[in-house]
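What follows is final_28.pdb (PDB, C-alpha atoms).
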ATOM      1  CA  MET A 987      90.548 116.743  98.813
ATOM      2  CA  ALA A 988      89.528 114.844 101.962
ATOM      3  CA  GLY A 989      87.857 116.552 104.896
ATOM      4  CA  TYR A 990      91.155 116.668 106.764
ATOM      5  CA  ARG A 991      94.588 118.116 106.095
ATOM      6  CA  VAL A 992      97.765 116.015 106.308
ATOM      7  CA  GLN A 993     100.670 117.749 108.032
ATOM      8  CA  LYS A 994     104.111 116.255 107.520
ATOM      9  CA  ILE A 995     106.356 116.156 110.585
ATOM     10  CA  SER A 996     110.029 115.387 111.204
ATOM     11  CA  THR A 997     111.485 112.255 112.760
ATOM     12  CA  LYS A 998     112.261 114.226 115.932
ATOM     13  CA  GLN A 999     108.664 115.406 116.160
ATOM     14  CA  LYS A1000     107.465 111.834 115.663
ATOM     15  CA  ASP A1001     109.782 110.522 118.383
ATOM     16  CA  ARG A1002     108.602 113.219 120.770
ATOM     17  CA  LEU A1003     104.957 112.313 120.190
ATOM     18  CA  VAL A1004     105.633 108.585 120.639
ATOM     19  CA  SER A1005     107.521 109.228 123.902
ATOM     20  CA  LYS A1006     104.389 110.793 125.392
ATOM     21  CA  ILE A1007     102.110 107.840 124.612
ATOM     22  CA  ASN A1008     101.037 105.465 127.367
ATOM     23  CA  PHE A1009     100.929 102.248 125.355
ATOM     24  CA  SER A1010      99.419 100.313 128.269
ATOM     25  CA  LYS A1011      96.142 102.185 127.692
ATOM     26  CA  LEU A1012      95.959 101.493 123.956
ATOM     27  CA  LEU A1013      94.547  98.599 121.956
ATOM     28  CA  ALA A1014      96.829  97.310 119.181
ATOM     29  CA  ARG A1015      95.852  95.408 116.033
ATOM     30  CA  LYS A1016      97.705  94.486 112.834
ATOM     31  CA  ALA A1017      96.085  94.453 109.391
ATOM     32  CA  ASP A1018      97.256  92.577 106.319
ATOM     33  CA  ILE A1019      96.682  94.978 103.429
ATOM     34  CA  HIS A1020      97.889  93.060 100.370
ATOM     35  CA  GLY A1021     100.966  91.807 102.208
ATOM     36  CA  THR A1022     101.677  95.117 103.890
ATOM     37  CA  CYS A1023     101.502  95.080 107.680
ATOM     38  CA  ILE A1024      99.763  98.174 109.083
ATOM     39  CA  LYS A1025      99.649  98.330 112.886
ATOM     40  CA  LEU A1026      96.902 100.299 114.590
ATOM     41  CA  PHE A1027      97.250 101.746 118.088
ATOM     42  CA  CYS A1028      93.918 103.078 119.279
ATOM     43  CA  ASP A1029      92.084 104.276 122.401
ATOM     44  CA  SER A1030      88.589 103.555 121.033
ATOM     45  CA  THR A1031      86.994 100.112 121.254
ATOM     46  CA  ASP A1032      84.472 101.110 118.553
ATOM     47  CA  ILE A1033      87.256 101.928 116.073
ATOM     48  CA  VAL A1034      89.038  98.661 116.869
ATOM     49  CA  ARG A1035      85.823  96.686 116.401
ATOM     50  CA  MET A1036      85.314  98.168 112.928
ATOM     51  CA  TRP A1037      89.007  97.673 112.054
ATOM     52  CA  GLU A1038      88.776  93.962 112.935
ATOM     53  CA  GLY A1039      85.675  93.557 110.795
ATOM     54  CA  ASN A1040      87.140  95.522 107.900
ATOM     55  CA  PHE A1041      90.668  94.142 107.467
ATOM     56  CA  ARG A1042      92.317  90.736 107.372
ATOM     57  CA  PRO A1043      94.538  90.200 110.424
ATOM     58  CA  MET A1044      98.311  89.994 110.093
ATOM     59  CA  SER A1045     100.395  87.492 112.055
ATOM     60  CA  ASP A1046     101.934  88.866 115.245
ATOM     61  CA  SER A1047     105.292  87.551 114.034
ATOM     62  CA  ILE A1048     105.354  90.091 111.186
ATOM     63  CA  ARG A1049     106.876  93.438 112.030
ATOM     64  CA  PRO A1050     104.787  96.426 110.885
ATOM     65  CA  HIS A1051     105.666  98.263 107.700
ATOM     66  CA  ALA A1052     103.700 101.281 108.926
ATOM     67  CA  ARG A1053     102.040 102.454 112.130
ATOM     68  CA  LEU A1054      98.790 104.324 112.650
ATOM     69  CA  PHE A1055      97.949 105.970 115.974
ATOM     70  CA  SER A1056      94.303 106.937 116.466
ATOM     71  CA  LEU A1057      94.171 108.965 119.679
ATOM     72  CA  SER A1058      92.169 111.558 121.546
ATOM     73  CA  ASP A1059      93.680 114.430 123.503
ATOM     74  CA  LYS A1060      92.598 117.455 125.509
ATOM     75  CA  ALA A1061      92.873 119.780 122.503
ATOM     76  CA  GLY A1062      89.896 118.041 120.922
ATOM     77  CA  LYS A1063      90.876 119.215 117.446
ATOM     78  CA  LEU A1064      91.157 116.905 114.435
ATOM     79  CA  ARG A1065      94.793 116.597 113.343
ATOM     80  CA  VAL A1066      96.534 114.198 110.932
ATOM     81  CA  LEU A1067     100.338 114.128 111.230
ATOM     82  CA  TYR A1068     102.535 112.054 108.912
ATOM     83  CA  GLU A1069     106.196 111.150 109.288
ATOM     84  CA  PRO A1070     107.089 109.418 105.997
ATOM     85  CA  ASN A1071     110.543 108.063 106.888
ATOM     86  CA  SER A1072     109.089 105.606 109.383
ATOM     87  CA  SER A1073     105.635 105.473 107.736
ATOM     88  CA  THR A1074     103.929 106.708 110.902
ATOM     89  CA  VAL A1075     100.625 108.576 111.076
ATOM     90  CA  PHE A1076      99.017 110.182 114.125
ATOM     91  CA  ILE A1077      95.275 110.901 113.914
ATOM     92  CA  TYR A1078      93.965 112.921 116.820
ATOM     93  CA  ASN A1079      90.312 113.292 117.788
ATOM     94  CA  CYS A1080      88.765 111.484 114.816
ATOM     95  CA  ASP A1081      85.543 109.563 115.452
ATOM     96  CA  TYR A1082      84.936 108.808 111.772
ATOM     97  CA  TYR A1083      86.190 105.307 110.975
ATOM     98  CA  GLY A1084      85.995 105.981 107.226
ATOM     99  CA  TRP A1085      88.943 108.369 107.416
ATOM    100  CA  ILE A1086      90.945 106.074 109.683
ATOM    101  CA  LYS A1087      90.639 103.093 107.385
ATOM    102  CA  SER A1088      91.334 105.231 104.295
ATOM    103  CA  ILE A1089      94.516 106.568 105.890
ATOM    104  CA  ALA A1090      95.558 102.988 106.690
ATOM    105  CA  LEU A1091      95.081 102.122 103.009
ATOM    106  CA  ALA A1092      97.026 105.246 102.027
ATOM    107  CA  LEU A1093      99.894 104.115 104.283
ATOM    108  CA  ALA A1094      99.967 100.736 102.536
ATOM    109  CA  SER A1095      99.830 102.518  99.173
ATOM    110  CA  ASP A1096     102.780 104.767 100.025
ATOM    111  CA  TYR A1097     104.783 101.724 101.098
ATOM    112  CA  LEU A1098     104.056  99.969  97.798
ATOM    113  CA  TRP A1099     104.723 103.102  95.707
ATOM    114  CA  ASP A1100     108.132 103.392  97.352
ATOM    115  CA  SER A1101     109.024  99.725  96.908
ATOM    116  CA  PRO A1102     112.340  99.356  95.035
ATOM    117  CA  SER A1103     111.235  96.077  93.447
ATOM    118  CA  LEU A1104     109.940  96.652  89.935
ATOM    119  CA  GLU A1105     109.167  92.952  89.505
ATOM    120  CA  ASN A1106     106.778  92.942  92.464
ATOM    121  CA  ARG A1107     105.411  96.458  92.010
ATOM    122  CA  ARG A1108     101.782  96.880  93.013
ATOM    123  CA  TYR A1109      99.832 100.011  92.129
ATOM    124  CA  PRO A1110      97.032 101.300  94.386
ATOM    125  CA  VAL A1111      93.680 102.414  92.988
ATOM    126  CA  HIS A1112      90.858 104.088  94.908
ATOM    127  CA  GLY A1113      88.009 102.203  93.295
ATOM    128  CA  SER A1114      85.769  99.131  93.416
ATOM    129  CA  LEU A1115      85.920  95.747  91.714
ATOM    130  CA  VAL A1116      83.389  93.083  90.811
ATOM    131  CA  ASP A1117      84.203  89.844  89.049
ATOM    132  CA  MET A1118      82.285  87.642  86.652
ATOM    133  CA  GLY A1119      83.867  84.363  85.645
ATOM    134  CA  GLY A1120      87.404  85.452  86.485
ATOM    135  CA  ARG A1121      87.139  88.781  84.658
ATOM    136  CA  ALA A1122      86.855  91.993  86.638
ATOM    137  CA  LEU A1123      85.113  95.312  86.097
ATOM    138  CA  ALA A1124      86.641  98.290  87.908
ATOM    139  CA  ILE A1125      84.570 101.311  88.919
ATOM    140  CA  ILE A1126      86.541 104.473  89.730
ATOM    141  CA  GLY A1127      84.974 107.741  90.749
ATOM    142  CA  GLN A1128      85.137 110.734  93.024
ATOM    143  CA  PRO A1129      83.355 110.584  96.410
ATOM    144  CA  LYS A1130      79.554 110.694  96.142
ATOM    145  CA  SER A1131      79.586 109.701  92.451
ATOM    146  CA  GLY A1132      77.873 106.361  93.137
ATOM    147  CA  LYS A1133      80.776 103.909  93.243
ATOM    148  CA  THR A1134      79.584 101.838  96.209
ATOM    149  CA  THR A1135      75.929 102.098  95.181
ATOM    150  CA  LEU A1136      76.634 100.679  91.717
ATOM    151  CA  THR A1137      78.955  98.010  93.093
ATOM    152  CA  TYR A1138      76.170  96.681  95.306
ATOM    153  CA  GLY A1139      73.731  97.054  92.442
ATOM    154  CA  LEU A1140      75.840  94.711  90.337
ATOM    155  CA  LEU A1141      76.066  92.294  93.254
ATOM    156  CA  THR A1142      72.287  91.959  93.364
ATOM    157  CA  HIS A1143      72.857  89.868  90.227
ATOM    158  CA  LYS A1144      74.252  86.473  91.230
ATOM    159  CA  LYS A1145      76.621  86.244  88.273
ATOM    160  CA  PHE A1146      78.856  88.887  89.865
ATOM    161  CA  ASN A1147      81.338  88.320  92.667
ATOM    162  CA  PHE A1148      82.662  90.828  95.211
ATOM    163  CA  LEU A1149      86.291  91.921  95.432
ATOM    164  CA  THR A1150      86.165  95.409  96.957
ATOM    165  CA  ASP A1151      84.069  98.560  96.963
ATOM    166  CA  ASP A1152      86.784 101.053  97.929
ATOM    167  CA  TRP A1153      90.421 100.226  97.161
ATOM    168  CA  PHE A1154      92.407  97.694  95.146
ATOM    169  CA  PHE A1155      95.897  96.941  93.885
ATOM    170  CA  VAL A1156      97.108  96.283  90.348
ATOM    171  CA  ARG A1157      99.983  94.210  89.020
ATOM    172  CA  PHE A1158     100.999  94.028  85.361
ATOM    173  CA  LEU A1159     102.062  90.494  84.515
ATOM    174  CA  GLY A1160     102.754  89.743  80.886
ATOM    175  CA  GLY A1161      99.690  90.760  78.938
ATOM    176  CA  LYS A1162      97.381  90.475  81.938
ATOM    177  CA  ILE A1163      96.308  93.063  84.496
ATOM    178  CA  GLN A1164      96.023  91.291  87.833
ATOM    179  CA  VAL A1165      93.844  92.999  90.441
ATOM    180  CA  PHE A1166      93.733  92.295  94.182
ATOM    181  CA  SER A1167      91.304  93.275  96.918
ATOM    182  CA  ALA A1168      92.550  95.371  99.830
ATOM    183  CA  GLU A1169      89.907  94.732 102.495
ATOM    184  CA  LYS A1170      88.112  91.745 103.975
ATOM    185  CA  ASN A1171      84.741  93.461 104.197
ATOM    186  CA  SER A1172      82.918  96.542 102.975
ATOM    187  CA  TYR A1173      82.267  99.816 104.813
ATOM    188  CA  ALA A1174      78.955 100.991 103.408
ATOM    189  CA  GLY A1175      76.172 103.481 104.103
ATOM    190  CA  GLU A1176      72.489 103.088 104.828
ATOM    191  CA  ASP A1177      71.527 104.176 101.305
ATOM    192  CA  ILE A1178      72.497 100.745  99.940
ATOM    193  CA  ALA A1179      69.172  99.294 101.037
ATOM    194  CA  GLN A1180      67.320 102.412  99.873
ATOM    195  CA  ASN A1181      68.625 101.995  96.327
ATOM    196  CA  TRP A1182      68.453  98.195  96.259
ATOM    197  CA  PRO A1183      65.478  97.120  98.420
ATOM    198  CA  GLN A1184      66.232  93.453  97.799
ATOM    199  CA  LEU A1185      69.219  93.829 100.156
ATOM    200  CA  ALA A1186      67.253  95.519 102.955
ATOM    201  CA  GLY A1187      66.360  92.393 104.878
ATOM    202  CA  ARG A1188      69.889  91.060 104.713
ATOM    203  CA  ILE A1189      71.602  94.159 106.104
ATOM    204  CA  ALA A1190      68.954  95.122 108.651
ATOM    205  CA  GLY A1191      70.271  95.435 112.186
ATOM    206  CA  LEU A1192      73.883  96.184 111.322
ATOM    207  CA  ARG A1193      75.586  98.339 113.925
ATOM    208  CA  ALA A1194      76.150 101.728 112.308
ATOM    209  CA  ASP A1195      78.626 104.417 113.337
ATOM    210  CA  ASN A1196      77.856 108.113 113.794
ATOM    211  CA  ARG A1197      77.965 108.603 110.017
ATOM    212  CA  GLY A1198      75.339 105.936 109.388
ATOM    213  CA  ARG A1199      77.877 103.514 107.945
ATOM    214  CA  SER A1200      78.539  99.893 108.887
ATOM    215  CA  ILE A1201      80.997  97.102 108.249
ATOM    216  CA  VAL A1202      79.118  94.738 105.941
ATOM    217  CA  ASP A1203      80.120  91.073 106.128
ATOM    218  CA  VAL A1204      80.055  90.403 102.390
ATOM    219  CA  ALA A1205      80.533  86.642 102.767
ATOM    220  CA  HIS A1206      77.430  86.510 104.986
ATOM    221  CA  LEU A1207      75.490  88.862 102.700
ATOM    222  CA  PHE A1208      76.228  87.193  99.366
ATOM    223  CA  GLY A1209      77.753  83.831 100.345
ATOM    224  CA  SER A1210      81.436  83.001 100.692
ATOM    225  CA  ALA A1211      81.515  81.505  97.184
ATOM    226  CA  ARG A1212      80.851  84.987  95.758
ATOM    227  CA  VAL A1213      83.799  86.684  97.470
ATOM    228  CA  ARG A1214      87.103  86.855  95.576
ATOM    229  CA  GLY A1215      90.568  88.047  96.552
ATOM    230  CA  HIS A1216      91.904  88.546  93.030
ATOM    231  CA  SER A1217      90.899  88.593  89.379
ATOM    232  CA  VAL A1218      92.023  89.795  85.934
ATOM    233  CA  LEU A1219      90.869  93.242  84.828
ATOM    234  CA  ALA A1220      88.613  93.336  81.756
ATOM    235  CA  ALA A1221      87.304  96.928  81.690
ATOM    236  CA  VAL A1222      87.229 100.203  83.642
ATOM    237  CA  VAL A1223      84.332 102.599  84.169
ATOM    238  CA  LEU A1224      85.005 106.128  85.426
ATOM    239  CA  LEU A1225      82.184 107.946  87.191
ATOM    240  CA  ARG A1226      81.212 111.583  87.239
ATOM    241  CA  ARG A1227      78.042 113.369  88.311
ATOM    242  CA  GLU A1228      77.601 116.526  86.273
ATOM    243  CA  LYS A1229      74.533 118.042  84.639
ATOM    244  CA  GLY A1230      74.738 118.864  80.952
ATOM    245  CA  LYS A1231      77.380 116.254  80.161
ATOM    246  CA  PRO A1232      76.956 113.041  78.130
ATOM    247  CA  ILE A1233      75.690 110.035  80.047
ATOM    248  CA  TRP A1234      77.976 107.444  78.471
ATOM    249  CA  GLN A1235      81.253 107.732  76.566
ATOM    250  CA  LYS A1236      84.070 105.442  75.516
ATOM    251  CA  LEU A1237      87.393 107.165  76.145
ATOM    252  CA  SER A1238      90.814 106.811  74.597
ATOM    253  CA  ALA A1239      93.642 105.870  76.953
ATOM    254  CA  SER A1240      95.166 109.350  76.785
ATOM    255  CA  THR A1241      91.828 111.104  77.418
ATOM    256  CA  ALA A1242      91.058 108.840  80.371
ATOM    257  CA  ALA A1243      94.530 109.388  81.872
ATOM    258  CA  ARG A1244      94.121 113.166  81.584
ATOM    259  CA  TRP A1245      90.689 112.931  83.183
ATOM    260  CA  MET A1246      92.109 111.012  86.134
ATOM    261  CA  ARG A1247      94.889 113.520  86.631
ATOM    262  CA  LYS A1248      92.475 116.440  86.463
ATOM    263  CA  HIS A1249      90.315 114.806  89.142
ATOM    264  CA  ASP A1250      93.156 114.061  91.574
ATOM    265  CA  PHE A1251      93.168 110.385  90.518
ATOM    266  CA  CYS A1252      89.761 110.082  92.240
ATOM    267  CA  ASN A1253      91.600 109.629  95.526
ATOM    268  CA  PRO A1254      91.241 112.264  98.242
ATOM    269  CA  HIS A1255      93.202 110.074 100.674
ATOM    270  CA  GLN A1256      96.793 110.626  99.590
ATOM    271  CA  LEU A1257      99.438 111.069 102.262
ATOM    272  CA  THR A1258     102.189 111.984  99.794
ATOM    273  CA  ARG A1259     101.490 114.811  97.385
ATOM    274  CA  SER A1260     104.452 115.776  95.255
ATOM    275  CA  ARG A1261     105.251 116.397  91.616
ATOM    276  CA  SER A1262     107.104 113.095  91.341
ATOM    277  CA  ARG A1263     104.238 111.096  92.886
ATOM    278  CA  GLU A1264     101.767 112.810  90.574
ATOM    279  CA  GLU A1265     103.905 111.837  87.568
ATOM    280  CA  GLU A1266     104.136 108.255  88.818
ATOM    281  CA  GLN A1267     100.386 108.002  89.138
ATOM    282  CA  ALA A1268      99.784 109.602  85.751
ATOM    283  CA  ALA A1269     102.179 107.136  84.096
ATOM    284  CA  PHE A1270     100.494 104.198  85.818
ATOM    285  CA  PHE A1271      96.984 105.153  84.705
ATOM    286  CA  ALA A1272      98.165 105.843  81.164
ATOM    287  CA  LYS A1273      99.589 102.309  81.055
ATOM    288  CA  LEU A1274      96.480 100.802  82.664
ATOM    289  CA  PHE A1275      94.106 102.451  80.210
ATOM    290  CA  SER A1276      96.269 101.424  77.262
ATOM    291  CA  LYS A1277      95.671  97.796  78.233
ATOM    292  CA  ALA A1278      92.001  97.851  79.272
ATOM    293  CA  PRO A1279      89.034  99.614  77.639
ATOM    294  CA  VAL A1280      87.756 102.577  79.657
ATOM    295  CA  TYR A1281      84.357 104.292  79.718
ATOM    296  CA  LEU A1282      82.954 107.419  81.369
ATOM    297  CA  LEU A1283      79.516 107.175  83.008
ATOM    298  CA  ASN A1284      77.623 110.228  84.182
ATOM    299  CA  THR A1285      75.566 109.115  87.204
ATOM    300  CA  ILE A1286      73.217 112.076  87.007
ATOM    301  CA  GLU A1287      70.515 109.560  85.999
ATOM    302  CA  THR A1288      68.886 107.141  88.456
ATOM    303  CA  PRO A1289      70.997 104.357  90.010
ATOM    304  CA  ALA A1290      68.845 101.831  88.147
ATOM    305  CA  GLY A1291      69.602 103.577  84.839
ATOM    306  CA  SER A1292      73.346 103.605  85.513
ATOM    307  CA  LEU A1293      73.235  99.967  86.608
ATOM    308  CA  ALA A1294      71.559  98.970  83.347
ATOM    309  CA  ARG A1295      74.455 100.498  81.407
ATOM    310  CA  LEU A1296      77.018  98.582  83.489
ATOM    311  CA  LEU A1297      75.147  95.330  83.004
ATOM    312  CA  LYS A1298      75.106  95.886  79.262
ATOM    313  CA  LEU A1299      78.853  96.587  79.260
ATOM    314  CA  ALA A1300      79.534  93.472  81.334
ATOM    315  CA  GLU A1301      77.664  91.285  78.873
ATOM    316  CA  LYS A1302      79.892  92.545  76.063
ATOM    317  CA  ARG A1303      83.282  92.864  77.759
ATOM    318  CA  ILE A1304      83.426  90.405  80.636
TER     319      ILE A1304
END
File written out as C-alpha cells:
Amino acid sequence: MAGYRVQKISTKQKDRLVSKINFSKLLARKADIHGTCIKLFCDSTDIVRMWEGNFRPMSDSIRPHARLFSLSDKAGKLRVLYEPNSSTVFIYNCDYYGWIKSIALALASDYLWDSPSLENRRYPVHGSLVDMGGRALAIIGQPKSGKTTLTYGLLTHKKFNFLTDDWFFVRFLGGKIQVFSAEKNSYAGEDIAQNWPQLAGRIAGLRADNRGRSIVDVAHLFGSARVRGHSVLAAVVLLRREKGKPIWQKLSASTAARWMRKHDFCNPHQLTRSRSREEEQAAFFAKLFSKAPVYLLNTIETPAGSLARLLKLAEKRI
C-alpha cells in the first residue's frame, strides 16, 4: 500500500468541497496522459513546476476527464479524497510530488479501466519500459525493488531507448502487444548517479524536492533520438528483493499472474480497490503473460549484477 489512505466521498461531499475553493488563488494545468486529460488545480508553484516538467501538456480546448486538487488547509493533515463519479481527487497538505503525480496517473488509469470501448481499451501498468530496435523490455516491481535504478542502468548503454520509468499503457492489437509511455520525463532519485557514476555529470545541479528527487529531462540526458513514445513488448521482468530466494527464474504465465496478484499488481497507487477491479487486473496480466515471456529477478545482488542479467536477456529476446 502507498503511504496515504484513499477515502471515497459522495457527489454531495465533492460539491461542498468545490464550493469552498477560491479558484482565483489556484494555478491550473492540464496534462495529456495517453489521451486522457487530467486537470490539476494547485496552490504550490513548486508542484506546478514539477508537473509541467513531468507531463505533456493538453490543449486548453479539451475538457478534463478527471480533476486533481492539490491544496493546503489549516488542518495540516494529509488527506486523499476521491469521488469516482466525476473522477475528482482532493489531496490536502501533501508536499511530496511523487504521490501527486502517481495519483494523477491512477486517475487516468481508472478512466481507461472504465472505458466502454473494448476496441480502444488501454490497460495501465505500474512499471518501466526501455526499447531496443522497436522491441520493448518491461520491468515491473514493488517500490524499492530497483525498477528505476535498472532502467537507468540499461540506458547507460546507447542501444537502449527510454519510454518510461514508472507507468505505461498496453493495447492488444492482433498478435502484437503495443506499449505506450505515460509521462514526458522521469521523476528520479539521487541514487541514480550513485549506482551509475557515468550519469553523474549529466544530472548534476538538478533541482531536487524535499525527498531528494528531481524531474529528469530524458531528452537532454540521453538525446531526443533515444526517447520513444511507443513500442512493441518483447519480454517482461518482475522484480523482488528477498533473501534466500533464487536470483533468476523464468515463470509460466499462470505463475507470473498469481505472483502479480499476490503483490497487489506492484501498484500501491490504486484509487479503486474492489473485487471486480482485482479480477479485471488479474485477467489482464494473465493475458499479457500468455503473450510475452516473463522472468523473475531477485535484486538482492548488486545493481551491476542485476543489470548484467537484463543485458543478457535483451540480447536473446529483443
Check your understanding: Between atom CA of A:Ala1094 and atom CA of A:Ser1072, what is the distance, to one decimal in Å?
Key ->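 Atom CA of A:Ser1072 lies 12.4 Å from atom CA of A:Ala1094.
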Exercise for review: Excluding A:Cys1028 and any residue of its chain fewer than 4 positions from it, enumerate the residues within 6 Å of it, using all atoms listed in the file, and give them as a ChimeraX atom specification.
Suggested key: /A:1012-1013,1055-1057
Review point. Which one is closest to A:Arg1214: A:Thr1258, A:Asn1040, A:Asn1171, A:Ser1101? Count only C-alpha atoms.
Key: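 Answer, going by the shortest atom-to-atom distance: A:Asn1171.
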Check your understanding: How would you write, as a VMD selection string, the residues chosen by the PyMOL selection byres ((chain A and resi 992-995) around 12) on this structure?
Key -> chain A and resid 987 to 991 996 to 1003 1064 to 1078 1085 1089 1092 1254 to 1259
Please save C-alpha atoms of the selected residues as a short mmCIF file (atom, residue, chain, number, x, y, z; two decimals), in the frame of the given file.
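Result file follows (result.cif):
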data_model
loop_
_atom_site.label_atom_id
_atom_site.label_comp_id
_atom_site.auth_asym_id
_atom_site.auth_seq_id
_atom_site.Cartn_x
_atom_site.Cartn_y
_atom_site.Cartn_z
CA MET A 987 90.55 116.74 98.81
CA ALA A 988 89.53 114.84 101.96
CA GLY A 989 87.86 116.55 104.90
CA TYR A 990 91.16 116.67 106.76
CA ARG A 991 94.59 118.12 106.10
CA SER A 996 110.03 115.39 111.20
CA THR A 997 111.48 112.26 112.76
CA LYS A 998 112.26 114.23 115.93
CA GLN A 999 108.66 115.41 116.16
CA LYS A 1000 107.46 111.83 115.66
CA ASP A 1001 109.78 110.52 118.38
CA ARG A 1002 108.60 113.22 120.77
CA LEU A 1003 104.96 112.31 120.19
CA LEU A 1064 91.16 116.90 114.44
CA ARG A 1065 94.79 116.60 113.34
CA VAL A 1066 96.53 114.20 110.93
CA LEU A 1067 100.34 114.13 111.23
CA TYR A 1068 102.54 112.05 108.91
CA GLU A 1069 106.20 111.15 109.29
CA PRO A 1070 107.09 109.42 106.00
CA ASN A 1071 110.54 108.06 106.89
CA SER A 1072 109.09 105.61 109.38
CA SER A 1073 105.64 105.47 107.74
CA THR A 1074 103.93 106.71 110.90
CA VAL A 1075 100.62 108.58 111.08
CA PHE A 1076 99.02 110.18 114.12
CA ILE A 1077 95.28 110.90 113.91
CA TYR A 1078 93.96 112.92 116.82
CA TRP A 1085 88.94 108.37 107.42
CA ILE A 1089 94.52 106.57 105.89
CA ALA A 1092 97.03 105.25 102.03
CA PRO A 1254 91.24 112.26 98.24
CA HIS A 1255 93.20 110.07 100.67
CA GLN A 1256 96.79 110.63 99.59
CA LEU A 1257 99.44 111.07 102.26
CA THR A 1258 102.19 111.98 99.79
CA ARG A 1259 101.49 114.81 97.38
#
Just say which residues the PyMOL selection byres ((chain A and resi 1219) around 10) picks in this file, as a short mmCIF file (atom, residue, chain, number, x, y, z; two decimals) with C-alpha atoms, in the frame of the given file.
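Below you can see result_10.cif, which holds the result:
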data_model
loop_
_atom_site.label_atom_id
_atom_site.label_comp_id
_atom_site.auth_asym_id
_atom_site.auth_seq_id
_atom_site.Cartn_x
_atom_site.Cartn_y
_atom_site.Cartn_z
CA LEU A 1115 85.92 95.75 91.71
CA VAL A 1116 83.39 93.08 90.81
CA ASP A 1117 84.20 89.84 89.05
CA GLY A 1120 87.40 85.45 86.48
CA ARG A 1121 87.14 88.78 84.66
CA ALA A 1122 86.86 91.99 86.64
CA LEU A 1123 85.11 95.31 86.10
CA ALA A 1124 86.64 98.29 87.91
CA VAL A 1156 97.11 96.28 90.35
CA LYS A 1162 97.38 90.48 81.94
CA ILE A 1163 96.31 93.06 84.50
CA GLN A 1164 96.02 91.29 87.83
CA VAL A 1165 93.84 93.00 90.44
CA PHE A 1166 93.73 92.30 94.18
CA HIS A 1216 91.90 88.55 93.03
CA SER A 1217 90.90 88.59 89.38
CA VAL A 1218 92.02 89.80 85.93
CA ALA A 1220 88.61 93.34 81.76
CA ALA A 1221 87.30 96.93 81.69
CA VAL A 1222 87.23 100.20 83.64
CA LEU A 1274 96.48 100.80 82.66
CA LYS A 1277 95.67 97.80 78.23
CA ALA A 1278 92.00 97.85 79.27
CA PRO A 1279 89.03 99.61 77.64
CA ILE A 1304 83.43 90.40 80.64
#
Exercise for review: Step by step: start from the point (69.5, 95.2, 92.8) in the file's coordinates, keep every protein, DNA or RNA residue that has an atom no farther than 6 Å from it, count all atoms listed in the file, and write the set as an MDAnalysis selection string.
Suggested key: chainID A and resid 1139 1142 1182
Review point. Suppose you want the space between atom CA of A:His1143 and atom CA of A:Ala1174; what is it in Å?
Key: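 One can read the atom CA of A:His1143 to atom CA of A:Ala1174 distance as 18.3 Å.
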Exercise for review: Determine, counting all atoms listed in the file, which protein, DNA and RNA residues have an atom within 10 Å of an atom of A:Ala1014; residues of the same chain fewer than 5 positions away are not included. Present the result as a PyMOL selection string.
Suggested key: chain A and resi 1009+1025-1029+1034+1054-1055
Edge lengths and centre in Å to one decimal, as AutoDock Vina command-line options, of the axis-aligned box that encloses all listed atoms of stretch 1089-1099 of chain A with 6 Å added on every side?
--center_x 99.6 --center_y 103.3 --center_z 101.2 --size_x 22.3 --size_y 18.6 --size_z 23.0
Exercise for review: Might you pull out every residue within 6 Å of stretch 1236-1241 of chain A, with only C-alpha atoms counted and same-chain residues fewer than 3 positions away left off, and present them as a list of chain:residue names?
Suggested key: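 Listed by chain and then number, they are A:Arg1244, A:Phe1275, A:Ser1276, A:Val1280, A:Tyr1281.
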**Study point:** Which residue of A:Tyr1082, A:Trp1234, A:Trp1037, A:Phe1158 approaches A:Arg1107 most closely, using only C-alpha atoms
**Key:**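 Of the candidates, the smallest distance to A:Arg1107 is held by A:Phe1158.
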Check your understanding: Of the candidates A:Leu1149, A:Ala1061, A:Leu1140, A:Ile1178, which one gets nearest to A:Arg1212 if we count all atoms listed in the file?
Key -> A:Leu1149
